[in-house]
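Structure data (TSV, C-alpha atoms) from start05.tsv:
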chain	number	residue	atom	x	y	z
K	76	MET	CA	53.47	-41.71	-12.38
K	77	ASN	CA	51.87	-44.81	-13.89
K	78	GLY	CA	48.12	-45.28	-14.35
K	79	ASN	CA	47.59	-47.45	-11.27
K	80	LYS	CA	49.34	-44.97	-9.00
K	81	LEU	CA	47.37	-42.09	-10.50
K	82	ARG	CA	44.03	-43.80	-9.95
K	83	PHE	CA	44.92	-44.63	-6.36
K	84	ALA	CA	46.19	-41.12	-5.72
K	85	THR	CA	42.84	-39.75	-6.92
K	86	SER	CA	40.99	-41.98	-4.48
K	87	LEU	CA	43.17	-40.66	-1.63
K	88	VAL	CA	41.96	-37.06	-1.85
K	89	GLY	CA	40.37	-37.44	1.57
K	90	LEU	CA	43.47	-39.05	3.11
K	91	LEU	CA	46.11	-36.38	2.50
K	92	MET	CA	47.62	-33.87	4.90
K	93	LEU	CA	49.41	-30.83	3.52
K	94	GLY	CA	51.80	-28.70	5.54
K	95	GLY	CA	50.43	-30.09	8.79
K	96	CYS	CA	46.86	-29.15	7.84
K	97	SER	CA	44.31	-31.87	7.19
K	98	VAL	CA	42.42	-31.96	3.93
K	99	LEU	CA	39.06	-33.20	5.19
K	100	GLN	CA	37.12	-34.05	2.07
K	101	PRO	CA	34.70	-36.88	1.35
K	102	VAL	CA	36.36	-40.00	0.00
K	103	THR	CA	34.01	-40.46	-2.97
K	104	ASP	CA	34.33	-41.17	-6.66
K	105	VAL	CA	34.34	-38.01	-8.77
K	106	PHE	CA	33.20	-40.00	-11.79
K	107	LYS	CA	32.67	-43.62	-12.69
K	108	SER	CA	34.54	-44.99	-15.68
K	109	GLU	CA	33.99	-48.45	-17.14
K	110	GLU	CA	36.85	-49.68	-14.98
K	111	GLU	CA	35.24	-48.27	-11.83
K	112	LEU	CA	31.89	-49.83	-12.71
K	113	GLU	CA	33.72	-53.13	-13.13
K	114	VAL	CA	35.14	-52.73	-9.61
K	115	LEU	CA	31.63	-52.25	-8.25
K	116	THR	CA	30.45	-55.50	-9.85
K	117	LEU	CA	31.45	-58.55	-7.82
K	118	ALA	CA	31.95	-61.86	-9.63
K	119	PRO	CA	29.42	-64.62	-8.92
K	120	LEU	CA	30.39	-66.78	-5.94
K	121	GLU	CA	29.32	-70.19	-4.68
K	122	PRO	CA	29.91	-69.59	-0.95
K	123	ALA	CA	31.71	-72.19	1.13
K	124	PHE	CA	29.51	-71.13	4.06
K	125	ALA	CA	26.71	-68.68	4.80
K	126	VAL	CA	27.19	-65.50	6.82
K	127	ASN	CA	24.12	-64.47	8.82
K	128	THR	CA	23.33	-60.97	10.07
K	129	VAL	CA	22.46	-61.37	13.78
K	130	TRP	CA	21.58	-57.74	14.50
K	131	GLN	CA	22.22	-54.17	13.38
K	132	ARG	CA	21.92	-50.82	15.13
K	133	ASP	CA	22.96	-47.22	14.53
K	134	ILE	CA	25.78	-45.62	16.52
K	135	GLY	CA	25.29	-41.86	16.32
K	136	LYS	CA	26.52	-40.36	13.06
K	137	GLY	CA	29.47	-42.69	12.54
K	138	THR	CA	32.58	-41.12	11.02
K	139	GLU	CA	30.56	-39.56	8.19
K	140	ASP	CA	32.76	-38.48	5.25
K	141	PHE	CA	35.97	-38.36	7.29
K	142	PHE	CA	38.50	-41.14	6.79
K	143	SER	CA	38.93	-42.80	10.18
K	144	ARG	CA	40.16	-46.05	11.72
K	145	LEU	CA	37.83	-45.57	14.71
K	146	SER	CA	36.72	-49.10	15.54
K	147	PRO	CA	34.86	-51.01	18.27
K	148	VAL	CA	36.67	-52.90	21.01
K	149	VAL	CA	35.36	-55.96	22.84
K	150	VAL	CA	36.12	-56.79	26.49
K	151	ASP	CA	34.60	-59.86	28.18
K	152	GLY	CA	31.52	-59.82	25.96
K	153	THR	CA	30.91	-56.07	26.21
K	154	ILE	CA	31.18	-54.06	22.98
K	155	PHE	CA	32.47	-50.50	23.26
K	156	VAL	CA	31.87	-48.25	20.28
K	157	ALA	CA	31.93	-44.52	19.47
K	158	ASP	CA	31.12	-42.05	16.73
K	159	ARG	CA	33.13	-39.03	15.58
K	160	GLN	CA	30.80	-36.62	17.38
K	161	GLY	CA	31.78	-38.05	20.76
K	162	LEU	CA	29.01	-40.51	21.55
K	163	VAL	CA	30.51	-43.52	23.36
K	164	LEU	CA	28.41	-46.60	24.15
K	165	ALA	CA	28.79	-49.91	25.93
K	166	LEU	CA	26.61	-52.66	24.43
K	167	ASP	CA	25.83	-56.22	25.45
K	168	THR	CA	26.09	-59.13	23.01
K	169	SER	CA	22.51	-58.53	21.82
K	170	GLY	CA	23.33	-54.93	20.86
K	171	LYS	CA	21.41	-53.36	23.75
K	172	THR	CA	22.85	-50.27	25.45
K	173	ILE	CA	24.45	-50.76	28.88
K	174	TRP	CA	25.52	-47.13	29.16
K	175	GLN	CA	26.25	-44.17	26.94
K	176	THR	CA	28.35	-41.02	27.41
K	177	ASN	CA	28.85	-38.02	25.15
K	178	VAL	CA	32.35	-36.53	25.36
K	179	GLY	CA	31.46	-33.70	22.95
K	180	THR	CA	30.66	-30.23	24.24
K	181	SER	CA	27.35	-28.41	24.27
K	182	SER	CA	27.09	-25.25	22.22
K	183	GLY	CA	23.63	-23.85	22.93
K	184	TRP	CA	19.91	-24.49	23.10
K	185	PHE	CA	19.43	-25.10	19.38
K	186	SER	CA	22.52	-27.21	18.78
K	187	GLY	CA	23.13	-30.92	19.07
K	188	GLY	CA	26.52	-30.11	20.60
K	189	GLU	CA	29.98	-29.53	19.20
K	190	SER	CA	31.70	-32.56	17.72
K	191	ALA	CA	34.47	-34.09	19.83
K	192	LYS	CA	36.15	-35.19	16.55
K	193	VAL	CA	36.99	-38.64	17.90
K	194	ALA	CA	39.44	-40.38	15.56
K	195	GLY	CA	41.89	-42.36	17.68
K	196	GLY	CA	40.47	-45.44	19.37
K	197	LEU	CA	38.97	-47.35	20.83
K	198	ALA	CA	41.42	-49.14	23.13
K	199	ALA	CA	40.74	-51.02	26.36
K	200	PHE	CA	43.14	-51.08	29.30
K	201	ASN	CA	42.97	-51.42	33.07
K	202	GLY	CA	39.19	-51.14	33.39
K	203	ASN	CA	38.91	-48.15	31.05
K	204	VAL	CA	38.12	-47.59	27.39
K	205	TRP	CA	40.44	-45.04	25.78
K	206	LEU	CA	40.15	-42.70	22.82
K	207	GLY	CA	41.83	-39.69	21.23
K	208	THR	CA	40.49	-36.71	19.28
K	209	GLU	CA	41.61	-34.47	16.46
K	210	ASP	CA	41.89	-31.69	19.05
K	211	GLY	CA	44.55	-33.68	20.93
K	212	ARG	CA	42.35	-34.84	23.83
K	213	VAL	CA	43.26	-38.16	25.42
K	214	LEU	CA	40.24	-39.59	27.23
K	215	ALA	CA	39.49	-42.66	29.33
K	216	LEU	CA	36.02	-43.79	30.36
K	217	SER	CA	35.19	-46.40	32.99
K	218	GLN	CA	34.18	-49.65	31.33
K	219	GLU	CA	31.60	-50.17	34.09
K	220	THR	CA	29.87	-46.76	34.14
K	221	GLY	CA	31.06	-44.62	31.22
K	222	GLU	CA	32.34	-41.97	33.64
K	223	ILE	CA	35.35	-39.98	32.34
K	224	THR	CA	38.39	-41.00	34.41
K	225	PHE	CA	41.19	-39.38	32.39
K	226	ASP	CA	41.16	-36.22	30.26
K	227	GLN	CA	44.40	-34.64	29.07
K	228	THR	CA	45.37	-32.65	25.98
K	229	VAL	CA	48.52	-32.97	23.86
K	230	VAL	CA	49.79	-31.14	20.77
K	231	GLY	CA	48.56	-32.55	17.46
K	232	GLU	CA	45.72	-34.66	16.12
K	233	ILE	CA	45.30	-38.17	17.50
K	234	LEU	CA	44.25	-40.46	14.65
K	235	ALA	CA	45.44	-43.79	16.09
K	236	LYS	CA	44.70	-45.78	19.23
K	237	PRO	CA	46.64	-45.07	22.43
K	238	THR	CA	49.01	-47.79	23.68
K	239	PHE	CA	49.95	-48.73	27.25
K	240	GLY	CA	52.95	-49.98	29.20
K	241	ASP	CA	55.20	-49.30	32.19
K	242	GLY	CA	52.53	-47.21	33.92
K	243	MET	CA	52.08	-44.87	30.96
K	244	VAL	CA	49.77	-44.25	28.03
K	245	TYR	CA	51.59	-43.55	24.76
K	246	VAL	CA	49.94	-41.32	22.18
K	247	ASN	CA	51.18	-40.55	18.66
K	248	THR	CA	50.05	-37.38	16.85
K	249	THR	CA	50.08	-35.89	13.37
K	250	ALA	CA	52.50	-33.24	14.61
K	251	GLY	CA	55.18	-35.96	14.65
K	252	ARG	CA	55.20	-36.06	18.44
K	253	LEU	CA	55.02	-39.22	20.52
K	254	PHE	CA	53.84	-38.54	24.08
K	255	ALA	CA	54.19	-40.62	27.24
K	256	LEU	CA	51.62	-39.64	29.88
K	257	ASP	CA	51.44	-41.00	33.42
K	258	LEU	CA	48.40	-43.29	33.65
K	259	ALA	CA	47.57	-42.17	37.18
K	260	THR	CA	48.13	-38.42	37.00
K	261	GLY	CA	48.13	-37.53	33.29
K	262	GLU	CA	51.52	-35.85	33.74
K	263	GLU	CA	53.66	-35.71	30.61
K	264	LYS	CA	56.70	-37.87	31.30
K	265	TRP	CA	58.42	-37.30	27.97
K	266	THR	CA	57.81	-36.46	24.34
K	267	HIS	CA	59.77	-37.30	21.22
K	268	GLU	CA	59.46	-35.33	18.00
K	269	SER	CA	60.16	-36.79	14.55
K	270	GLU	CA	60.27	-35.26	11.09
K	271	VAL	CA	56.99	-34.70	9.20
K	272	PRO	CA	57.32	-34.14	5.41
K	273	PRO	CA	55.33	-31.36	3.68
K	274	LEU	CA	52.87	-33.89	2.22
K	275	SER	CA	51.72	-37.05	3.95
K	276	LEU	CA	48.71	-39.34	4.24
K	277	ARG	CA	45.97	-38.59	6.71
K	278	GLY	CA	46.94	-41.21	9.21
K	279	ILE	CA	49.52	-42.06	11.85
K	280	SER	CA	51.07	-45.18	13.30
K	281	GLN	CA	49.69	-46.60	16.52
K	282	PRO	CA	52.62	-47.19	18.90
K	283	THR	CA	53.46	-50.67	20.17
K	284	ALA	CA	54.94	-50.99	23.67
K	285	ALA	CA	57.09	-54.04	24.47
K	286	ASN	CA	60.44	-55.07	25.94
K	287	GLY	CA	61.01	-51.68	27.55
K	288	GLY	CA	60.57	-49.83	24.25
K	289	VAL	CA	57.89	-47.93	22.33
K	290	PHE	CA	57.85	-48.78	18.62
K	291	VAL	CA	56.24	-46.45	16.10
K	292	GLY	CA	56.26	-45.76	12.36
K	293	THR	CA	56.95	-42.22	11.17
K	294	ALA	CA	55.85	-40.04	8.26
K	295	ALA	CA	59.52	-39.91	7.19
K	296	GLY	CA	59.60	-43.62	6.38
K	297	LYS	CA	61.22	-44.90	9.59
K	298	LEU	CA	60.50	-47.48	12.25
K	299	GLN	CA	61.63	-45.94	15.51
K	300	VAL	CA	61.92	-47.29	19.05
K	301	SER	CA	62.15	-45.06	22.12
K	302	VAL	CA	63.18	-46.23	25.58
K	303	SER	CA	59.91	-46.35	27.53
K	304	ASP	CA	61.13	-44.65	30.71
K	305	SER	CA	63.06	-41.77	29.09
K	306	GLY	CA	61.91	-41.30	25.50
K	307	LEU	CA	65.47	-41.53	24.18
K	308	VAL	CA	65.72	-43.19	20.77
K	309	ALA	CA	67.27	-46.64	21.08
K	310	TRP	CA	67.42	-47.22	17.31
K	311	GLU	CA	65.62	-46.45	14.09
K	312	ALA	CA	65.38	-48.47	10.90
K	313	THR	CA	64.66	-47.18	7.40
K	314	VAL	CA	61.50	-48.83	6.08
K	315	THR	CA	61.35	-46.91	2.81
K	316	THR	CA	62.98	-43.98	1.02
K	317	PRO	CA	61.44	-41.33	-1.29
K	318	ALA	CA	61.32	-42.06	-5.01
K	319	GLY	CA	59.69	-40.21	-7.89
K	320	ALA	CA	59.56	-36.75	-9.40
K	321	THR	CA	56.52	-35.29	-7.60
K	322	GLU	CA	55.66	-34.79	-3.92
K	323	LEU	CA	52.74	-37.18	-4.33
K	324	GLU	CA	55.00	-39.93	-5.62
K	325	ARG	CA	57.47	-39.29	-2.78
K	326	ILE	CA	55.01	-39.90	0.05
K	327	ILE	CA	56.73	-42.43	2.34
K	328	ASP	CA	54.42	-42.65	5.37
K	329	VAL	CA	54.65	-45.59	7.73
K	330	ASP	CA	51.15	-45.25	9.17
K	331	THR	CA	50.70	-48.84	10.28
K	332	THR	CA	51.07	-50.43	13.70
K	333	PRO	CA	54.36	-52.27	14.34
K	334	VAL	CA	53.68	-55.95	15.06
K	335	ILE	CA	56.09	-57.89	17.26
K	336	ALA	CA	56.37	-61.65	16.78
K	337	GLY	CA	59.25	-63.65	18.18
K	338	ALA	CA	62.55	-61.78	17.89
K	339	ASN	CA	61.40	-59.45	15.09
K	340	VAL	CA	59.08	-56.53	14.49
K	341	TYR	CA	57.12	-56.20	11.25
K	342	ILE	CA	55.73	-53.10	9.58
K	343	VAL	CA	54.58	-51.98	6.12
K	344	SER	CA	54.68	-48.56	4.43
K	345	TYR	CA	52.48	-46.77	1.92
K	346	ASN	CA	55.41	-46.28	-0.45
K	347	GLY	CA	55.94	-49.98	-0.98
K	348	SER	CA	58.05	-51.73	1.65
K	349	LEU	CA	57.23	-54.53	4.07
K	350	VAL	CA	60.12	-55.15	6.45
K	351	SER	CA	61.19	-57.53	9.16
K	352	VAL	CA	63.45	-55.82	11.70
K	353	GLU	CA	65.46	-57.42	14.47
K	354	LEU	CA	63.88	-56.37	17.75
K	355	ARG	CA	67.09	-55.98	19.69
K	356	THR	CA	69.31	-54.14	17.20
K	357	GLY	CA	67.10	-52.54	14.55
K	358	ARG	CA	68.81	-54.50	11.77
K	359	VAL	CA	66.59	-55.08	8.73
K	360	VAL	CA	66.35	-58.86	8.32
K	361	TRP	CA	64.44	-58.78	5.04
K	362	GLN	CA	62.54	-56.27	2.92
K	363	ARG	CA	59.85	-56.90	0.28
K	364	GLU	CA	57.85	-54.68	-2.07
K	365	TYR	CA	54.32	-54.38	-0.69
K	366	ALA	CA	52.50	-51.05	-0.30
K	367	SER	CA	49.82	-50.41	2.31
K	368	TYR	CA	48.46	-47.83	4.73
K	369	GLN	CA	46.34	-50.50	6.44
K	370	ASN	CA	47.62	-52.50	9.41
K	371	LEU	CA	49.12	-55.91	8.73
K	372	VAL	CA	48.22	-59.00	10.74
K	373	VAL	CA	50.60	-61.72	11.93
K	374	SER	CA	49.12	-65.14	12.65
K	375	GLY	CA	51.44	-68.06	13.23
K	376	ASN	CA	54.18	-67.79	10.62
K	377	SER	CA	52.04	-65.79	8.18
K	378	ILE	CA	51.78	-62.05	7.60
K	379	PHE	CA	48.55	-60.88	5.96
K	380	VAL	CA	48.50	-57.60	4.04
K	381	THR	CA	45.86	-55.73	2.03
K	382	ASP	CA	47.71	-53.43	-0.35
K	383	VAL	CA	46.83	-50.05	-1.84
K	384	SER	CA	45.40	-51.60	-5.01
K	385	GLY	CA	43.04	-53.98	-3.22
K	386	SER	CA	45.08	-57.17	-3.52
K	387	VAL	CA	45.50	-59.45	-0.51
K	388	PHE	CA	48.73	-61.29	0.29
K	389	ALA	CA	50.07	-63.87	2.72
K	390	ILE	CA	53.82	-63.74	3.36
K	391	ASP	CA	56.01	-66.08	5.39
K	392	ARG	CA	57.28	-63.94	8.25
K	393	ARG	CA	60.45	-65.98	8.61
K	394	ASN	CA	61.87	-65.17	5.18
K	395	GLY	CA	59.49	-62.83	3.33
K	396	VAL	CA	58.45	-65.46	0.78
K	397	GLU	CA	54.98	-64.87	-0.67
K	398	LEU	CA	52.64	-67.76	0.18
K	399	TRP	CA	49.62	-66.68	-1.86
K	400	SER	CA	47.91	-63.66	-3.39
K	401	GLN	CA	44.26	-62.86	-4.10
K	402	ASN	CA	43.39	-60.20	-6.69
K	403	ALA	CA	39.60	-60.59	-6.89
K	404	LEU	CA	39.00	-57.46	-4.78
K	405	LYS	CA	41.19	-54.97	-6.64
K	406	GLY	CA	39.99	-51.38	-6.44
K	407	ARG	CA	37.53	-52.02	-3.61
K	408	LYS	CA	39.32	-49.90	-0.95
K	409	LEU	CA	39.97	-52.76	1.46
K	410	THR	CA	40.35	-52.39	5.20
K	411	ALA	CA	42.99	-54.17	7.23
K	412	PRO	CA	42.34	-57.92	7.56
K	413	THR	CA	41.22	-59.82	10.65
K	414	VAL	CA	41.79	-63.53	11.31
K	415	LEU	CA	38.89	-65.73	12.45
K	416	ASN	CA	39.64	-69.47	12.60
K	417	ASP	CA	41.01	-70.28	9.12
K	418	SER	CA	39.36	-67.27	7.53
K	419	LEU	CA	40.67	-63.84	6.72
K	420	VAL	CA	37.87	-61.29	7.16
K	421	ILE	CA	38.13	-58.03	5.19
K	422	SER	CA	35.57	-55.27	4.69
K	423	ASP	CA	35.63	-52.76	1.85
K	424	GLY	CA	34.69	-49.22	0.87
K	425	PHE	CA	31.50	-50.37	-0.83
K	426	GLY	CA	29.71	-52.01	2.12
K	427	THR	CA	30.75	-55.65	1.62
K	428	VAL	CA	32.48	-58.04	4.04
K	429	HIS	CA	34.64	-60.75	2.43
K	430	PHE	CA	35.95	-64.06	3.76
K	431	LEU	CA	39.11	-65.63	2.32
K	432	SER	CA	40.90	-68.82	3.31
K	433	ALA	CA	43.82	-67.80	5.51
K	434	SER	CA	45.82	-70.87	4.51
K	435	GLU	CA	45.20	-70.78	0.74
K	436	GLY	CA	43.79	-67.36	-0.15
K	437	THR	CA	40.74	-68.81	-1.88
K	438	TYR	CA	37.53	-66.78	-1.80
K	439	GLN	CA	35.13	-68.39	0.70
K	440	SER	CA	32.12	-66.16	1.25
K	441	ARG	CA	30.79	-62.60	1.37
K	442	VAL	CA	27.93	-60.57	2.76
K	443	ILE	CA	26.78	-57.36	1.07
K	444	LEU	CA	25.44	-55.11	3.80
K	445	ASP	CA	24.91	-51.97	1.72
K	446	ASN	CA	26.29	-51.00	-1.66
K	447	ALA	CA	25.17	-47.35	-1.43
K	448	GLU	CA	27.77	-44.58	-1.52
K	449	GLY	CA	28.72	-43.38	1.95
K	450	LYS	CA	28.01	-46.79	3.49
K	451	GLY	CA	31.46	-48.32	3.14
K	452	PHE	CA	33.94	-49.43	5.78
K	453	TYR	CA	37.12	-47.70	6.90
K	454	SER	CA	37.98	-49.78	9.99
K	455	ALA	CA	38.87	-53.46	10.09
K	456	PRO	CA	36.35	-56.09	11.26
K	457	VAL	CA	36.51	-57.02	14.95
K	458	VAL	CA	36.19	-60.61	16.18
K	459	MET	CA	33.97	-61.50	19.14
K	460	ASP	CA	34.06	-65.23	19.87
K	461	ASP	CA	33.10	-66.83	16.51
K	462	ASN	CA	31.30	-63.72	15.30
K	463	VAL	CA	32.39	-60.60	13.44
K	464	ILE	CA	31.55	-56.97	14.25
K	465	VAL	CA	31.73	-54.29	11.57
K	466	ILE	CA	30.79	-50.61	11.58
K	467	ASN	CA	30.43	-48.52	8.44
K	468	GLN	CA	31.19	-44.83	8.01
K	469	ASP	CA	27.50	-44.00	8.53
K	470	GLY	CA	27.58	-45.54	12.02
K	471	GLU	CA	25.70	-48.76	11.29
K	472	LEU	CA	27.03	-51.48	13.60
K	473	THR	CA	26.46	-55.08	12.50
K	474	LEU	CA	27.07	-58.42	14.17
K	475	LEU	CA	27.73	-61.20	11.66
K	476	ALA	CA	27.72	-64.95	12.36
K	477	PRO	CA	29.65	-67.07	9.81
K	478	GLN	CA	28.24	-70.59	9.58
K	479	PHE	CA	31.55	-72.44	9.37
Final structure tokens representation of the file:
Amino acid sequence: MNGNKLRFATSLVGLLMLGGCSVLQPVTDVFKSEEELEVLTLAPLEPAFAVNTVWQRDIGKGTEDFFSRLSPVVVDGTIFVADRQGLVLALDTSGKTIWQTNVGTSSGWFSGGESAKVAGGLAAFNGNVWLGTEDGRVLALSQETGEITFDQTVVGEILAKPTFGDGMVYVNTTAGRLFALDLATGEEKWTHESEVPPLSLRGISQPTAANGGVFVGTAAGKLQVSVSDSGLVAWEATVTTPAGATELERIIDVDTTPVIAGANVYIVSYNGSLVSVELRTGRVVWQREYASYQNLVVSGNSIFVTDVSGSVFAIDRRNGVELWSQNALKGRKLTAPTVLNDSLVISDGFGTVHFLSASEGTYQSRVILDNAEGKGFYSAPVVMDDNVIVINQDGELTLLAPQF
């Protein structure tokens, strides 16, 4: 294993799952070498535009020390947000509470309640806001009132957002099982089980439902599509294959969400493969060496990827040709990117939100919200109109207004 891989593997202590059991440890630096101190020091920047903080407020206890992609969702100007404990809130554009519901369970007079362990969500569909928990609960709350309208349990931890289509909600779990539940009754319509290696990252692929199929990445390095009404596998494509002498080197998770654009579906793996796959047949159109466990974004003809080292890339989705790369943020534990106008918005594990030019990759602006340990970001920024919403692992929700 080379030095870069070893350093990244060390930073992933809190992201690994062994033998189906989660290793829930804080994602923190054990020590700080000169190289790590260099990562913490951002180069001087003459910003192309200012980024103002409009408001901030606390959302429960956040995700604390647990790696999580739990992120807000915005519907018609209402912000829905949750913490790991099970507190779910609806906020207006000024950050004021419209309603709040706690989906955790009470455990006595002198307790604040048992954590719901919310990790999968939030997703909005059909007047409800949806979430999943590490205990396998699939929940829906009314967007208007916060009342629980759906509550079912499946086998396995739910670490990714539910997906919807053809009258069903599709839920992927760490047990390697993809479930299709009836939206109206909660009845299990079908389940498909895929292989889970002995060692994998702490994360799963969010399914994508389209064209009568349910697309999902697997821990065994595959992109798989199941027929939506039966669960039968229509095809599967190999995204990556194991390589290396140790189990750590041979991790091949595809934990990212498949993105459909035109006639192809795009997905990236942790092991180092970004692929374009023909939607109809499962034929791999092109394959390039990029490694990520964060979701990619497709905008126009560009694919945007933040890789495991902290570099950012734009790739032409038509042929896999690299358009630009930006290496100024290496080592900063980047989230998935978000596109706002001609800017790529990326938050990091040290409490900073960065803006890059989507067309050229040049560094435009940044806002440092908190550089204290435990205040970093796990989930990607969320766009609301011309503003950006971010929430750190401590539960601090911030609305930012770039002054383009």
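Counting from CA of Ala250 in chain K, the distance to CA of Gly292 in chain K is 13.3 Å.
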Practice task
Enter the distance from CA of Leu307 in chain K to CA of His267 in chain K, in Å, rounded to one decimal.
Solution key: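 CA of His267 in chain K lies at a distance of 7.7 Å from CA of Leu307 in chain K.
Between CA of Ile466 in chain K and CA of Leu214 in chain K there is a distance of 21.3 Å.
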Excluding Asn416 in chain K and any residue of its chain fewer than 3 positions from it, enumerate the residues within 9 Å of it, using all atoms listed in the file, and give them as a PDB file with C-alpha atoms, keeping the file's coordinate frame.
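Output (around-v1.pdb):
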ATOM      1  CA  LEU K 419      40.670 -63.840   6.720  1.00  0.00           C
ATOM      2  CA  ALA K 433      43.820 -67.800   5.510  1.00  0.00           C
ATOM      3  CA  ASP K 461      33.100 -66.830  16.510  1.00  0.00           C
TER       4      ASP K 461
END
Interface rows for range 383-464 of chain K against range 138-143 of chain K: nearest pair, Å to one decimal, 12 Å, all atoms listed in the file, as JSON lines:
{"residue": "K:Lys408", "atom": "CA", "partner": "K:Phe142", "partner_atom": "CA", "distance": 11.7}
{"residue": "K:Thr410", "atom": "CA", "partner": "K:Ser143", "partner_atom": "CA", "distance": 10.9}
{"residue": "K:Gly424", "atom": "CA", "partner": "K:Phe142", "partner_atom": "CA", "distance": 10.7}
{"residue": "K:Glu448", "atom": "CA", "partner": "K:Asp140", "partner_atom": "CA", "distance": 10.4}
{"residue": "K:Gly449", "atom": "CA", "partner": "K:Asp140", "partner_atom": "CA", "distance": 7.2}
{"residue": "K:Lys450", "atom": "CA", "partner": "K:Glu139", "partner_atom": "CA", "distance": 9.0}
{"residue": "K:Gly451", "atom": "CA", "partner": "K:Asp140", "partner_atom": "CA", "distance": 10.1}
{"residue": "K:Phe452", "atom": "CA", "partner": "K:Ser143", "partner_atom": "CA", "distance": 9.4}
{"residue": "K:Tyr453", "atom": "CA", "partner": "K:Ser143", "partner_atom": "CA", "distance": 6.2}
{"residue": "K:Ser454", "atom": "CA", "partner": "K:Ser143", "partner_atom": "CA", "distance": 7.0}
{"residue": "K:Ala455", "atom": "CA", "partner": "K:Ser143", "partner_atom": "CA", "distance": 10.7}
Write out as a short mmCIF file (atom, residue, chain, number, x, y, z; two decimals) with C-alpha atoms, in the frame of the given file each polymer residue whose atoms come within 12 Å of Ala285 in chain K, counting only C-alpha atoms; drop sequence neighbours fewer than 6 positions from it.
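Heads up, here's the output in out_18.cif:
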data_model
loop_
_atom_site.label_atom_id
_atom_site.label_comp_id
_atom_site.auth_asym_id
_atom_site.auth_seq_id
_atom_site.Cartn_x
_atom_site.Cartn_y
_atom_site.Cartn_z
CA THR K 238 49.01 -47.79 23.68
CA PHE K 239 49.95 -48.73 27.25
CA GLY K 240 52.95 -49.98 29.20
CA ASP K 241 55.20 -49.30 32.19
CA TYR K 245 51.59 -43.55 24.76
CA VAL K 291 56.24 -46.45 16.10
CA VAL K 300 61.92 -47.29 19.05
CA SER K 301 62.15 -45.06 22.12
CA VAL K 302 63.18 -46.23 25.58
CA SER K 303 59.91 -46.35 27.53
CA ASP K 304 61.13 -44.65 30.71
CA PRO K 333 54.36 -52.27 14.34
CA VAL K 334 53.68 -55.95 15.06
CA ILE K 335 56.09 -57.89 17.26
CA ALA K 336 56.37 -61.65 16.78
CA GLY K 337 59.25 -63.65 18.18
CA ALA K 338 62.55 -61.78 17.89
CA ASN K 339 61.40 -59.45 15.09
CA VAL K 340 59.08 -56.53 14.49
CA LEU K 354 63.88 -56.37 17.75
CA ARG K 355 67.09 -55.98 19.69
#
Exercise for the section: Tell me which of K:Ala403, K:Ala312, K:Ile464, K:Val414 sits closest to Ala118 in chain K, counting all atoms listed in the file. Expected result: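 Distance minimum relative to Ala118 in chain K lands on K:Ala403.
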Handout entry: Residue nearest Leu115 in chain K among K:Tyr438, K:Phe479, K:Phe425, K:Trp205 (counting all atoms listed in the file)
Key =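 Closest candidate: K:Phe425.
Residue nearest Thr176 in chain K within the list K:Leu404, K:Ala198, K:Val213, K:Ile223: K:Ile223 [criterion: smallest interatomic distance, all atoms listed in the file].
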Practice task
For each of K:Gly375, K:Gly137, K:Gly152, K:Pro412, take the minimum atom-to-atom distance to Lys192 in chain K, counting all atoms listed in the file, then give the residue where this is smallest.
Solution key: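 Of K:Gly375, K:Gly137, K:Gly152, K:Pro412, the one nearest Lys192 in chain K is K:Gly137, counting all atoms listed in the file.
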Practice task
Go through K:Gln439, K:Gly395, K:Asn402, K:Asp328 and flag the residue nearest Pro122 in chain K, using all atoms listed in the file for the distances.
Solution key: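 Ranked by minimum distance to Pro122 in chain K, first place goes to K:Gln439.
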Problem - All residues 9 Å or closer to Ile173 in chain K, only C-alpha atoms, same chain fewer than 4 positions away omitted, as a count of residues only - result: 7
Exercise for the section: Can you pull out every residue within 9 Å of Gly406 in chain K, counting only C-alpha atoms, but drop anything in the same chain fewer than 2 positions away, and send it as a list of chain:residue names? Expected result: K:Phe83, K:Glu111, K:Val114, K:Leu115, K:Val383, K:Ser384, K:Gly385, K:Ser386, K:Leu404, K:Lys408, K:Leu409
Reconstruct N, CA and C atoms of range 359-365 of chain K; output as a short mmCIF file (atom, residue, chain, number, x, y, z; two decimals), in the coordinates of the input.
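Result file is rebuild.cif:
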data_model
loop_
_atom_site.label_atom_id
_atom_site.label_comp_id
_atom_site.auth_asym_id
_atom_site.auth_seq_id
_atom_site.Cartn_x
_atom_site.Cartn_y
_atom_site.Cartn_z
N VAL K 359 67.61 -54.58 9.65
CA VAL K 359 66.59 -55.08 8.73
C VAL K 359 66.96 -56.50 8.30
N VAL K 360 66.10 -57.45 8.63
CA VAL K 360 66.35 -58.86 8.32
C VAL K 360 66.00 -59.15 6.87
N TRP K 361 64.82 -58.70 6.46
CA TRP K 361 64.44 -58.78 5.04
C TRP K 361 63.48 -57.65 4.70
N GLN K 362 63.39 -57.35 3.42
CA GLN K 362 62.54 -56.27 2.92
C GLN K 362 61.90 -56.71 1.61
N ARG K 363 60.58 -56.50 1.49
CA ARG K 363 59.85 -56.90 0.28
C ARG K 363 58.97 -55.73 -0.19
N GLU K 364 58.62 -55.77 -1.47
CA GLU K 364 57.85 -54.68 -2.07
C GLU K 364 56.34 -54.93 -1.94
N TYR K 365 55.77 -54.40 -0.88
CA TYR K 365 54.32 -54.38 -0.69
C TYR K 365 53.97 -52.98 -0.18
#
